[in-house]
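Chemist: Quick one, run.pdb (PDB, C-alpha atoms and all ligand atoms):
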ATOM      1  CA  MET Q 115     -26.475  23.445  14.288
ATOM      2  CA  ILE Q 116     -22.897  22.355  13.932
ATOM      3  CA  VAL Q 117     -19.795  22.947  11.824
ATOM      4  CA  VAL Q 118     -17.012  20.354  11.705
ATOM      5  CA  ALA Q 119     -13.750  20.977   9.865
ATOM      6  CA  SER Q 120     -10.222  19.782   9.340
ATOM      7  CA  THR Q 121      -7.931  21.601  11.782
ATOM      8  CA  ASN Q 122      -6.652  23.959   9.070
ATOM      9  CA  GLY Q 123     -10.222  25.261   8.864
ATOM     10  CA  LEU Q 124      -9.704  27.147  12.132
ATOM     11  CA  THR Q 125      -9.581  30.525  10.397
ATOM     12  CA  GLY Q 126     -12.994  29.936   8.815
ATOM     13  CA  ILE Q 127     -15.070  27.967  11.303
ATOM     14  CA  GLN Q 128     -16.343  30.953  13.314
ATOM     15  CA  GLU Q 129     -17.581  32.672  10.154
ATOM     16  CA  SER Q 130     -19.179  29.415   9.055
ATOM     17  CA  MET Q 131     -21.079  29.209  12.358
ATOM     18  CA  ASN Q 132     -22.015  32.917  12.105
ATOM     19  CA  VAL Q 133     -23.693  32.138   8.795
ATOM     20  CA  LEU Q 134     -25.759  29.380  10.431
ATOM     21  CA  LEU Q 135     -26.621  31.603  13.418
ATOM     22  CA  SER Q 136     -27.897  34.309  11.094
ATOM     23  CA  GLY Q 137     -30.204  31.846   9.336
ATOM     24  CA  GLY Q 138     -27.972  30.745   6.479
ATOM     25  CA  SER Q 139     -28.096  27.258   5.037
ATOM     26  CA  ALA Q 140     -25.545  24.494   5.493
ATOM     27  CA  VAL Q 141     -24.363  25.188   1.927
ATOM     28  CA  ASP Q 142     -23.872  28.887   2.735
ATOM     29  CA  ALA Q 143     -21.945  27.979   5.892
ATOM     30  CA  VAL Q 144     -19.596  25.537   4.167
ATOM     31  CA  GLU Q 145     -18.838  27.966   1.363
ATOM     32  CA  ALA Q 146     -18.215  30.866   3.761
ATOM     33  CA  GLY Q 147     -15.809  28.891   5.930
ATOM     34  CA  ILE Q 148     -13.809  27.479   3.041
ATOM     35  CA  ARG Q 149     -13.510  30.856   1.271
ATOM     36  CA  ILE Q 150     -11.566  32.237   4.237
ATOM     37  CA  VAL Q 151      -9.083  29.362   4.091
ATOM     38  CA  GLU Q 152      -8.762  29.694   0.303
ATOM     39  CA  ALA Q 153      -7.810  33.368   0.627
ATOM     40  CA  ASP Q 154      -5.101  32.743   3.261
ATOM     41  CA  PRO Q 155      -1.611  32.832   1.649
ATOM     42  CA  GLU Q 156      -0.152  31.047   4.681
ATOM     43  CA  GLU Q 157      -2.217  27.920   3.952
ATOM     44  CA  HIS Q 158      -0.140  26.156   1.310
ATOM     45  CA  SER Q 159      -2.554  23.316   0.552
ATOM     46  CA  VAL Q 160      -5.572  25.399  -0.435
ATOM     47  CA  GLY Q 161      -6.366  28.276  -2.791
ATOM     48  CA  TYR Q 162      -4.153  31.375  -3.080
ATOM     49  CA  GLY Q 163      -0.639  30.513  -1.905
ATOM     50  CA  GLY Q 164      -1.161  26.786  -2.484
ATOM     51  CA  TYR Q 165       1.817  24.731  -3.584
ATOM     52  CA  PRO Q 166       1.966  24.225  -7.354
ATOM     53  CA  ASN Q 167       2.252  21.191  -9.600
ATOM     54  CA  VAL Q 168       5.662  19.980 -10.787
ATOM     55  CA  LEU Q 169       5.723  22.711 -13.470
ATOM     56  CA  GLY Q 170       5.051  25.484 -10.949
ATOM     57  CA  GLN Q 171       1.363  25.970 -11.827
ATOM     58  CA  VAL Q 172      -1.226  26.176  -9.034
ATOM     59  CA  GLU Q 173      -4.165  23.947  -9.987
ATOM     60  CA  LEU Q 174      -7.161  23.882  -7.650
ATOM     61  CA  ASP Q 175      -9.734  21.150  -6.990
ATOM     62  CA  ALA Q 176     -12.952  21.681  -4.997
ATOM     63  CA  GLY Q 177     -16.305  20.042  -4.478
ATOM     64  CA  ILE Q 178     -19.508  20.797  -2.602
ATOM     65  CA  MET Q 179     -22.496  18.531  -1.928
ATOM     66  CA  ASP Q 180     -25.900  19.505  -0.601
ATOM     67  CA  GLY Q 181     -27.138  16.473   1.301
ATOM     68  CA  THR Q 182     -30.761  17.451   0.766
ATOM     69  CA  GLY Q 183     -31.555  16.307  -2.759
ATOM     70  CA  LEU Q 184     -27.965  15.092  -3.262
ATOM     71  CA  SER Q 185     -27.005  18.048  -5.470
ATOM     72  CA  ALA Q 186     -23.298  18.519  -6.121
ATOM     73  CA  GLY Q 187     -20.800  20.661  -8.001
ATOM     74  CA  SER Q 188     -17.065  20.356  -8.574
ATOM     75  CA  VAL Q 189     -14.135  21.930 -10.344
ATOM     76  CA  GLY Q 190     -10.789  20.286 -11.009
ATOM     77  CA  ALA Q 191      -7.324  21.372 -12.159
ATOM     78  CA  MET Q 192      -8.578  24.973 -12.311
ATOM     79  CA  ARG Q 193      -5.982  27.746 -12.528
ATOM     80  CA  GLY Q 194      -6.287  31.435 -11.824
ATOM     81  CA  TYR Q 195      -9.300  31.670  -9.506
ATOM     82  CA  THR Q 196      -8.919  31.739  -5.713
ATOM     83  CA  HIS Q 197     -12.356  30.580  -4.650
ATOM     84  CA  ALA Q 198     -12.681  27.137  -6.189
ATOM     85  CA  ILE Q 199     -15.413  26.268  -3.673
ATOM     86  CA  SER Q 200     -17.594  29.129  -4.930
ATOM     87  CA  VAL Q 201     -17.078  28.140  -8.560
ATOM     88  CA  ALA Q 202     -18.019  24.570  -7.571
ATOM     89  CA  ARG Q 203     -21.183  25.871  -5.902
ATOM     90  CA  GLN Q 204     -22.093  27.795  -9.037
ATOM     91  CA  VAL Q 205     -21.585  24.629 -11.108
ATOM     92  CA  MET Q 206     -24.067  22.939  -8.747
ATOM     93  CA  GLU Q 207     -26.595  25.754  -8.893
ATOM     94  CA  LYS Q 208     -26.335  27.089 -12.467
ATOM     95  CA  LEU Q 209     -25.487  24.144 -14.715
ATOM     96  CA  PRO Q 210     -27.011  20.804 -15.624
ATOM     97  CA  HIS Q 211     -23.538  19.382 -14.933
ATOM     98  CA  VAL Q 212     -21.716  18.282 -11.795
ATOM     99  CA  PHE Q 213     -18.030  18.577 -12.706
ATOM    100  CA  LEU Q 214     -15.963  21.007 -14.812
ATOM    101  CA  VAL Q 215     -12.199  20.782 -15.250
ATOM    102  CA  SER Q 216      -9.294  22.889 -16.447
ATOM    103  CA  GLU Q 217     -10.054  25.390 -19.245
ATOM    104  CA  GLY Q 218     -13.784  24.698 -19.036
ATOM    105  CA  ALA Q 219     -13.887  25.484 -15.321
ATOM    106  CA  GLU Q 220     -11.791  28.627 -15.875
ATOM    107  CA  ARG Q 221     -14.018  29.779 -18.718
ATOM    108  CA  PHE Q 222     -17.132  29.248 -16.575
ATOM    109  CA  ALA Q 223     -15.584  31.106 -13.604
ATOM    110  CA  GLY Q 224     -14.815  34.064 -15.868
ATOM    111  CA  GLU Q 225     -18.239  34.045 -17.505
ATOM    112  CA  ILE Q 226     -20.047  34.286 -14.174
ATOM    113  CA  GLY Q 227     -17.855  37.125 -12.922
ATOM    114  CA  PHE Q 228     -15.058  35.684 -10.778
ATOM    115  CA  GLN Q 229     -11.803  37.674 -10.911
ATOM    116  CA  ARG Q 230      -8.635  36.066 -12.284
ATOM    117  CA  ARG Q 231      -5.546  36.116 -10.077
ATOM    118  CA  ASP Q 232      -2.046  34.623 -10.153
ATOM    119  CA  LEU Q 233      -2.267  32.053  -7.344
ATOM    120  CA  LEU Q 234       1.477  31.307  -7.030
ATOM    121  CA  THR Q 235       2.966  33.355  -4.180
ATOM    122  CA  ASP Q 236       6.700  34.029  -3.821
ATOM    123  CA  ALA Q 237       6.786  31.812  -0.714
ATOM    124  CA  ALA Q 238       5.202  28.870  -2.526
ATOM    125  CA  ARG Q 239       7.468  29.385  -5.566
ATOM    126  CA  THR Q 240      10.559  29.296  -3.312
ATOM    127  CA  VAL Q 241       9.568  26.011  -1.679
ATOM    128  CA  TRP Q 242       8.701  24.521  -5.072
ATOM    129  CA  GLN Q 243      12.140  25.438  -6.431
ATOM    130  CA  GLN Q 244      13.861  24.019  -3.345
ATOM    131  CA  ARG Q 245      11.976  20.741  -3.677
ATOM    132  CA  LEU Q 246      12.662  20.172  -7.368
ATOM    133  CA  PRO Q 247      15.214  17.452  -8.145
ATOM    134  CA  ARG Q 248      18.759  18.734  -8.588
ATOM    135  CA  ASP Q 249      21.343  17.465 -11.038
ATOM    136  CA  PRO Q 250      24.838  16.413  -9.830
ATOM    137  CA  SER Q 251      26.117  20.007 -10.062
ATOM    138  CA  GLY Q 252      23.409  21.070  -7.642
ATOM    139  CA  GLU Q 253      21.465  23.026 -10.226
ATOM    140  CA  VAL Q 254      17.689  22.964 -10.035
ATOM    141  CA  ALA Q 255      16.220  21.020 -12.966
ATOM    142  CA  SER Q 256      15.646  23.527 -15.733
ATOM    143  CA  ASP Q 257      13.228  23.908 -18.645
ATOM    144  CA  LEU Q 258      10.729  21.611 -16.985
ATOM    145  CA  ALA Q 259       7.943  22.536 -19.377
ATOM    146  CA  GLY Q 260      10.119  21.479 -22.326
ATOM    147  CA  ARG Q 261      11.117  18.092 -20.926
ATOM    148  CA  ASN Q 262       9.430  14.858 -21.919
ATOM    149  CA  ASP Q 263      10.282  13.002 -18.697
ATOM    150  CA  VAL Q 264       8.479  15.174 -16.181
ATOM    151  CA  TRP Q 265       6.492  12.131 -15.101
ATOM    152  CA  LYS Q 266       9.666  10.687 -13.584
ATOM    153  CA  LEU Q 267      10.171  13.793 -11.469
ATOM    154  CA  VAL Q 268       6.782  13.541  -9.817
ATOM    155  CA  GLU Q 269       7.675  10.563  -7.674
ATOM    156  CA  ILE Q 270      11.059  12.031  -6.742
ATOM    157  CA  ALA Q 271       9.788  15.496  -5.893
ATOM    158  CA  THR Q 272       6.714  14.267  -4.050
ATOM    159  CA  ASP Q 273       7.216  13.587  -0.392
ATOM    160  CA  PRO Q 274       4.186  12.133   1.418
ATOM    161  CA  GLU Q 275       5.359  13.700   4.671
ATOM    162  CA  ARG Q 276       5.352  17.240   3.364
ATOM    163  CA  THR Q 277       3.146  17.684   0.384
ATOM    164  CA  GLN Q 278      -0.389  16.903   1.431
ATOM    165  CA  GLY Q 279      -3.223  19.069   2.687
ATOM    166  CA  THR Q 280      -6.781  20.057   1.935
ATOM    167  CA  VAL Q 281      -9.555  21.779   3.849
ATOM    168  CA  ASN Q 282     -12.785  19.982   4.794
ATOM    169  CA  PHE Q 283     -15.987  21.561   6.105
ATOM    170  CA  LEU Q 284     -19.205  19.782   7.121
ATOM    171  CA  ALA Q 285     -22.218  21.754   8.377
ATOM    172  CA  GLN Q 286     -25.709  20.953   9.594
ATOM    173  CA  ASP Q 287     -28.128  23.891   9.614
ATOM    174  CA  ALA Q 288     -31.179  24.617  11.780
ATOM    175  CA  ALA Q 289     -33.432  22.678   9.407
ATOM    176  CA  GLY Q 290     -31.210  19.602   9.644
ATOM    177  CA  ASN Q 291     -29.745  19.944   6.146
ATOM    178  CA  ILE Q 292     -26.172  18.725   5.845
ATOM    179  CA  CYS Q 293     -23.531  19.998   3.412
ATOM    180  CA  ALA Q 294     -19.982  18.790   2.740
ATOM    181  CA  GLY Q 295     -17.287  20.892   1.064
ATOM    182  CA  VAL Q 296     -13.632  20.339   0.210
ATOM    183  CA  SER Q 297     -11.034  22.608  -1.398
ATOM    184  CA  THR Q 298      -7.371  21.999  -2.178
ATOM    185  CA  SER Q 299      -4.412  22.862  -4.354
ATOM    186  CA  GLY Q 300      -3.865  19.117  -4.339
ATOM    187  CA  TRP Q 301      -0.803  17.018  -3.869
ATOM    188  CA  ALA Q 302       2.116  19.426  -4.192
ATOM    189  CA  TRP Q 303       4.417  18.801  -7.202
ATOM    190  CA  LYS Q 304       1.704  16.645  -8.765
ATOM    191  CA  TYR Q 305       1.684  15.893 -12.498
ATOM    192  CA  PRO Q 306      -0.195  18.619 -14.416
ATOM    193  CA  GLY Q 307      -3.852  17.744 -14.758
ATOM    194  CA  ARG Q 308      -3.860  15.337 -11.838
ATOM    195  CA  LEU Q 309      -7.177  15.295 -10.006
ATOM    196  CA  GLY Q 310      -7.301  14.244  -6.398
ATOM    197  CA  ASP Q 311     -10.301  13.089  -4.421
ATOM    198  CA  SER Q 312     -11.404  16.568  -3.344
ATOM    199  CA  PRO Q 313     -13.678  17.320  -6.319
ATOM    200  CA  ILE Q 314     -14.857  13.719  -6.786
ATOM    201  CA  ILE Q 315     -18.264  13.120  -5.274
ATOM    202  CA  GLY Q 316     -18.144   9.896  -3.273
ATOM    203  CA  ALA Q 317     -14.346   9.921  -2.959
ATOM    204  CA  GLY Q 318     -13.343  13.156  -1.208
ATOM    205  CA  LEU Q 319     -16.801  14.163  -0.030
ATOM    206  CA  TYR Q 320     -20.338  12.914   0.289
ATOM    207  CA  ALA Q 321     -23.434  14.190   2.094
ATOM    208  CA  ASP Q 322     -26.907  12.816   2.611
ATOM    209  CA  SER Q 323     -28.918  14.843   5.124
ATOM    210  CA  ARG Q 324     -30.806  11.724   6.241
ATOM    211  CA  PHE Q 325     -27.715   9.787   7.273
ATOM    212  CA  GLY Q 326     -24.609  11.992   7.484
ATOM    213  CA  ALA Q 327     -21.576  13.243   5.623
ATOM    214  CA  ALA Q 328     -17.843  12.780   5.307
ATOM    215  CA  ALA Q 329     -14.898  14.646   3.791
ATOM    216  CA  CYS Q 330     -11.309  13.533   3.273
ATOM    217  CA  THR Q 331      -7.762  14.842   3.420
ATOM    218  CA  GLY Q 332      -4.557  13.046   2.565
ATOM    219  CA  MET Q 333      -3.588  11.002  -0.434
ATOM    220  CA  GLY Q 334      -6.582  11.423  -2.680
ATOM    221  CA  GLU Q 335      -5.753   8.508  -4.932
ATOM    222  CA  MET Q 336      -6.557   6.212  -2.009
ATOM    223  CA  ALA Q 337      -9.935   7.826  -1.334
ATOM    224  CA  ILE Q 338     -10.778   7.609  -5.046
ATOM    225  CA  ARG Q 339      -9.942   3.895  -5.168
ATOM    226  CA  ALA Q 340     -11.926   3.100  -2.018
ATOM    227  CA  ALA Q 341     -14.773   5.625  -2.555
ATOM    228  CA  THR Q 342     -14.101   6.597   1.038
ATOM    229  CA  ALA Q 343     -16.554   9.430   1.725
ATOM    230  CA  HIS Q 344     -19.428   7.512   0.157
ATOM    231  CA  SER Q 345     -18.460   4.408   2.116
ATOM    232  CA  VAL Q 346     -18.825   6.265   5.415
ATOM    233  CA  VAL Q 347     -22.323   7.422   4.508
ATOM    234  CA  ILE Q 348     -23.360   4.024   3.130
ATOM    235  CA  TYR Q 349     -22.220   2.337   6.349
ATOM    236  CA  LEU Q 350     -24.320   4.890   8.283
ATOM    237  CA  LYS Q 351     -27.258   4.175   5.964
ATOM    238  CA  MET Q 352     -26.854   0.452   6.698
ATOM    239  CA  GLY Q 353     -27.224   1.172  10.409
ATOM    240  CA  ALA Q 354     -23.658   1.474  11.659
ATOM    241  CA  THR Q 355     -22.841   3.961  14.389
ATOM    242  CA  LEU Q 356     -20.589   6.845  13.381
ATOM    243  CA  GLY Q 357     -17.650   5.160  15.110
ATOM    244  CA  GLU Q 358     -18.282   1.872  13.307
ATOM    245  CA  ALA Q 359     -18.802   3.577   9.939
ATOM    246  CA  GLY Q 360     -15.556   5.523  10.231
ATOM    247  CA  ARG Q 361     -13.500   2.528  11.316
ATOM    248  CA  ARG Q 362     -14.891   0.380   8.506
ATOM    249  CA  ALA Q 363     -14.167   3.034   5.860
ATOM    250  CA  MET Q 364     -10.608   3.381   7.211
ATOM    251  CA  ALA Q 365     -10.200  -0.400   7.242
ATOM    252  CA  ASP Q 366     -11.276  -0.490   3.573
ATOM    253  CA  LEU Q 367      -8.145   1.535   2.781
ATOM    254  CA  ASP Q 368      -6.039  -1.306   4.123
ATOM    255  CA  ASP Q 369      -7.281  -3.489   1.251
ATOM    256  CA  LEU Q 370      -5.468  -1.275  -1.260
ATOM    257  CA  GLY Q 371      -2.357  -2.667  -2.867
ATOM    258  CA  GLY Q 372       0.288  -0.975  -4.952
ATOM    259  CA  ARG Q 373       3.341   1.186  -4.405
ATOM    260  CA  TYR Q 374       1.762   4.467  -3.350
ATOM    261  CA  LEU Q 375      -0.008   4.319  -0.022
ATOM    262  CA  ALA Q 376       0.315   7.208   2.410
ATOM    263  CA  GLN Q 377      -1.705   9.230   4.927
ATOM    264  CA  MET Q 378      -5.477   9.364   4.722
ATOM    265  CA  SER Q 379      -7.866  11.088   7.113
ATOM    266  CA  PHE Q 380     -11.506  12.103   7.161
ATOM    267  CA  ILE Q 381     -14.082  13.874   9.278
ATOM    268  CA  ALA Q 382     -17.691  12.734   9.501
ATOM    269  CA  ILE Q 383     -21.054  13.563  11.041
ATOM    270  CA  ASP Q 384     -24.238  11.552  11.286
ATOM    271  CA  GLY Q 385     -27.793  12.733  10.791
ATOM    272  CA  ASP Q 386     -28.077  13.640  14.480
ATOM    273  CA  GLY Q 387     -25.049  15.934  14.340
ATOM    274  CA  ASN Q 388     -22.683  13.568  16.144
ATOM    275  CA  HIS Q 389     -19.156  14.054  14.804
ATOM    276  CA  ALA Q 390     -15.843  12.240  14.635
ATOM    277  CA  GLY Q 391     -12.496  12.270  12.860
ATOM    278  CA  PHE Q 392     -10.420   9.317  11.680
ATOM    279  CA  SER Q 393      -6.862   8.969  10.424
ATOM    280  CA  ASN Q 394      -4.298   6.316   9.658
ATOM    281  CA  GLY Q 395      -1.724   8.727  11.077
ATOM    282  CA  GLU Q 396      -1.174   9.231  14.783
ATOM    283  CA  ASP Q 397      -2.029  12.416  16.689
ATOM    284  CA  GLY Q 398      -4.386  13.835  14.061
ATOM    285  CA  THR Q 399      -7.003  16.363  15.144
ATOM    286  CA  TYR Q 400     -10.088  18.074  13.749
ATOM    287  CA  ILE Q 401     -12.263  20.939  14.976
ATOM    288  CA  ALA Q 402     -15.963  21.286  15.737
ATOM    289  CA  MET Q 403     -18.265  24.094  16.834
ATOM    290  CA  THR Q 404     -21.924  24.033  17.857
ATOM    291  CA  ALA Q 405     -24.241  27.024  18.127
ATOM    292  CA  GLU Q 406     -23.851  27.017  21.922
ATOM    293  CA  MET Q 407     -20.044  27.289  21.843
ATOM    294  CA  ASP Q 408     -18.043  30.551  22.000
ATOM    295  CA  GLU Q 409     -15.116  29.001  20.197
ATOM    296  CA  PRO Q 410     -14.366  25.759  18.370
ATOM    297  CA  GLU Q 411     -12.885  22.763  20.139
ATOM    298  CA  GLU Q 412     -10.003  20.697  18.795
ATOM    299  CA  LEU Q 413     -10.539  16.953  19.095
ATOM    300  CA  ALA Q 414      -8.429  13.871  18.517
ATOM    301  CA  ARG Q 415      -9.082  11.764  15.454
ATOM    302  CA  THR Q 416      -9.523   8.041  15.968
ATOM    303  CA  HIS Q 417      -6.314   6.353  14.834
ATOM    304  CA  VAL Q 418      -6.909   3.382  12.517
ATOM    305  CA  PRO Q 419      -3.538   2.131  11.210
ATOM    306  CA  THR Q 420      -3.276   1.070   7.569
ATOM    307  CA  LYS Q 421      -0.176   0.027   5.669
ATOM    308  CA  ALA Q 422       2.000   2.702   4.063
ATOM    309  CA  ARG Q 423       4.598   2.409   1.320
ATOM    310  CA  TRP Q 424       6.010   4.792  -1.239
ATOM    311  CA  GLY Q 425       7.577   3.870  -4.560
ATOM    312  CA  MET Q 426       9.144   0.569  -3.463
TER
HETATM  313  N1  LIG D 501      -6.772  14.923  -0.719
HETATM  314  C1  LIG D 501      -6.277  15.915  -1.575
HETATM  315  C2  LIG D 501      -5.557  15.427  -2.737
HETATM  316  O1  LIG D 501      -5.166  14.274  -2.793
HETATM  317  O2  LIG D 501      -5.349  16.192  -3.643
END
Let me see the structure of the file written as structure tokens.
Modeler:
Amino acid sequence: MIVVASTNGLTGIQESMNVLLSGGSAVDAVEAGIRIVEADPEEHSVGYGGYPNVLGQVELDAGIMDGTGLSAGSVGAMRGYTHAISVARQVMEKLPHVFLVSEGAERFAGEIGFQRRDLLTDAARTVWQQRLPRDPSGEVASDLAGRNDVWKLVEIATDPERTQGTVNFLAQDAAGNICAGVSTSGWAWKYPGRLGDSPIIGAGLYADSRFGAAACTGMGEMAIRAATAHSVVIYLKMGATLGEAGRRAMADLDDLGGRYLAQMSFIAIDGDGNHAGFSNGEDGTYIAMTAEMDEPEELARTHVPTKARWGM
């Protein structure tokens, strides 16, 4: 049994392992770990306390995939519910659908009994206001909701160095089943309605219990364009080692053109429970915990450089 997570999953990884140790499934373990991160107001890239979109609205994306049977559920651009990962799981388990967005996801969350909550904390609101473009008098841009040029502000307000984040969990249970889960408030100051990779099966997450799983953080548009999480698992399915599969999926990102290329990272496991992390940024880490360990270990991600450019 093993749980692997992005480093910001530290608050949840012990609980995730506890679920496995008490006989829970990989899906139970992933959901339990991510819920703790989603509830933490100090984590500004996930759940309650997450940074908002350019209009100051917190919109959550999450996805979960059960690698046994390839079941999946996702929610995107969902406001007002902390535990996007649990709503995504309920989409997977209760509906004949895979993906709900916006008002539909919120309606479903309410119908099945999740409690509404204002997700924008004072701390996140303050940073959002500080990061908004200012006019020459130094005033923060006003009446954003009434403007018809908000799209221009997104590039200015968005700073690849400071606005990314997401939590990833991968778990393999005692029966060998693998689950991948991802939850995020997305790219801070994003355009309203923007979906990142986190709820998109094959982009931000993929799991197949026979071969392995992967989950991404960073600039989701890149993972969507390269189908990164699915690529890792397909390379494993084709016989690559975990190290080869991760390097090849990172190298695929270097084929992307365009003006918006930034940091991308992912964690991965294979069907034997071997794990690794990869990033095009230096000094990245991830965490892992097996049933035999008293506490998780923090490990270096393999650095695979890819080109970066922003708005040029
Ligand atoms: N990887 C998270 C996002 O782009 O929203």
Chemist: So which residues touch range 344-346 of chain Q within 9 Å, counting all atoms listed in the file, skipping near sequence neighbours fewer than 4 positions away, as a short mmCIF file (atom, residue, chain, number, x, y, z; two decimals) with C-alpha atoms, in the frame of the given file?
Modeler:
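Output file out-v2.cif follows:
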data_model
loop_
_atom_site.label_atom_id
_atom_site.label_comp_id
_atom_site.auth_asym_id
_atom_site.auth_seq_id
_atom_site.Cartn_x
_atom_site.Cartn_y
_atom_site.Cartn_z
CA ILE Q 315 -18.26 13.12 -5.27
CA GLY Q 316 -18.14 9.90 -3.27
CA ALA Q 317 -14.35 9.92 -2.96
CA GLY Q 318 -13.34 13.16 -1.21
CA LEU Q 319 -16.80 14.16 -0.03
CA TYR Q 320 -20.34 12.91 0.29
CA ALA Q 321 -23.43 14.19 2.09
CA GLY Q 326 -24.61 11.99 7.48
CA ALA Q 327 -21.58 13.24 5.62
CA ALA Q 328 -17.84 12.78 5.31
CA ALA Q 340 -11.93 3.10 -2.02
CA LEU Q 350 -24.32 4.89 8.28
CA LYS Q 351 -27.26 4.18 5.96
CA LEU Q 356 -20.59 6.84 13.38
CA ALA Q 359 -18.80 3.58 9.94
CA GLY Q 360 -15.56 5.52 10.23
CA ARG Q 361 -13.50 2.53 11.32
CA ARG Q 362 -14.89 0.38 8.51
CA ALA Q 363 -14.17 3.03 5.86
CA MET Q 364 -10.61 3.38 7.21
CA ASP Q 366 -11.28 -0.49 3.57
CA ALA Q 382 -17.69 12.73 9.50
#
Chemist: Give me, as a PyMOL selection string, the set of residues whose atoms come within 10 Å of any atom of ligand LIG 501 (chain D), counting only C-alpha atoms and all ligand atoms.
Modeler: chain Q and resi 159-160+174-176+277-282+296-302+304+308-313+317-318+329-338+377-380
Chemist: How many Å separate CA of Arg193 in chain Q from CA of Val172 in chain Q?
Modeler: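 If I compute the distance from CA of Arg193 in chain Q to CA of Val172 in chain Q, I get 6.1 Å.
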Chemist: From the options Q:Glu217, Q:Asp386, Q:Asp236, Q:Asp369, which residue's atoms come nearest to Gly163 in chain Q, counting all atoms listed in the file?
Modeler: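 Closest residue, counting all atoms listed in the file: Q:Asp236.
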Chemist: From (-24.2, 17.1, 5.4), in the file's coordinates, out to 8 Å: which residues are reached, counting all atoms listed in the file? Answer as a PyMOL selection string.
Modeler: chain Q and resi 140+179-181+284-286+291-294+320-323+326-328+383+385
Chemist: What's the separation between CA of Gly170 in chain Q and CA of Gly425 in chain Q, in Å to one decimal place?
Modeler: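 CA of Gly425 in chain Q lies at a distance of 22.7 Å from CA of Gly170 in chain Q.
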Chemist: Let me know the residues the PyMOL selection byres (((chain Q and resi 238-245) around 8) and not hetatm) catches in the file above, as JSON, numbers by chain.
Modeler: {"Q": [158, 163, 164, 165, 166, 168, 170, 234, 235, 236, 237, 246, 247, 254, 271, 303]}
Chemist: Let me know the residues the PyMOL selection byres (((chain Q and resi 216) around 10) and not hetatm) catches in the file above, as a PyMOL selection string.
Modeler: chain Q and resi 173-175+189-193+214-215+217-221+307
Chemist: Between CA of Asp368 in chain Q and CA of Arg324 in chain Q, what is the spacing in Å?
Modeler: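 Interatomic distance here is 28.1 Å.
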Chemist: Measuring atom to atom with all atoms listed in the file, identify which of Q:Ala143, Q:Val133, Q:Ala390, Q:Ala422 is nearest to Gly371 in chain Q.
Modeler: Q:Ala422
Chemist: Around the point (-30.0, 27.8, 7.4) (coordinates from the file), which residues reach within 9 Å if we count all atoms listed in the file? Answer as a compact mmCIF listing (two decimals) with C-alpha atoms, in the coordinates of the input.
Modeler:
# COMPACT_ATOMS: atom_id res chain seq x y z
CA MET Q 115 -26.48 23.44 14.29
CA VAL Q 133 -23.69 32.14 8.80
CA LEU Q 134 -25.76 29.38 10.43
CA LEU Q 135 -26.62 31.60 13.42
CA SER Q 136 -27.90 34.31 11.09
CA GLY Q 137 -30.20 31.85 9.34
CA GLY Q 138 -27.97 30.74 6.48
CA SER Q 139 -28.10 27.26 5.04
CA ALA Q 140 -25.54 24.49 5.49
CA VAL Q 141 -24.36 25.19 1.93
CA ASP Q 142 -23.87 28.89 2.74
CA ALA Q 143 -21.94 27.98 5.89
CA GLN Q 286 -25.71 20.95 9.59
CA ASP Q 287 -28.13 23.89 9.61
CA ALA Q 288 -31.18 24.62 11.78
CA ALA Q 289 -33.43 22.68 9.41
CA GLY Q 290 -31.21 19.60 9.64
CA ASN Q 291 -29.74 19.94 6.15
Chemist: Nearest residue to Arg339 in chain Q out of Q:Gly177, Q:Gly353, Q:Gly372, Q:Gly387, using only C-alpha atoms?
Modeler: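 Closest residue, counting only C-alpha atoms: Q:Gly372.
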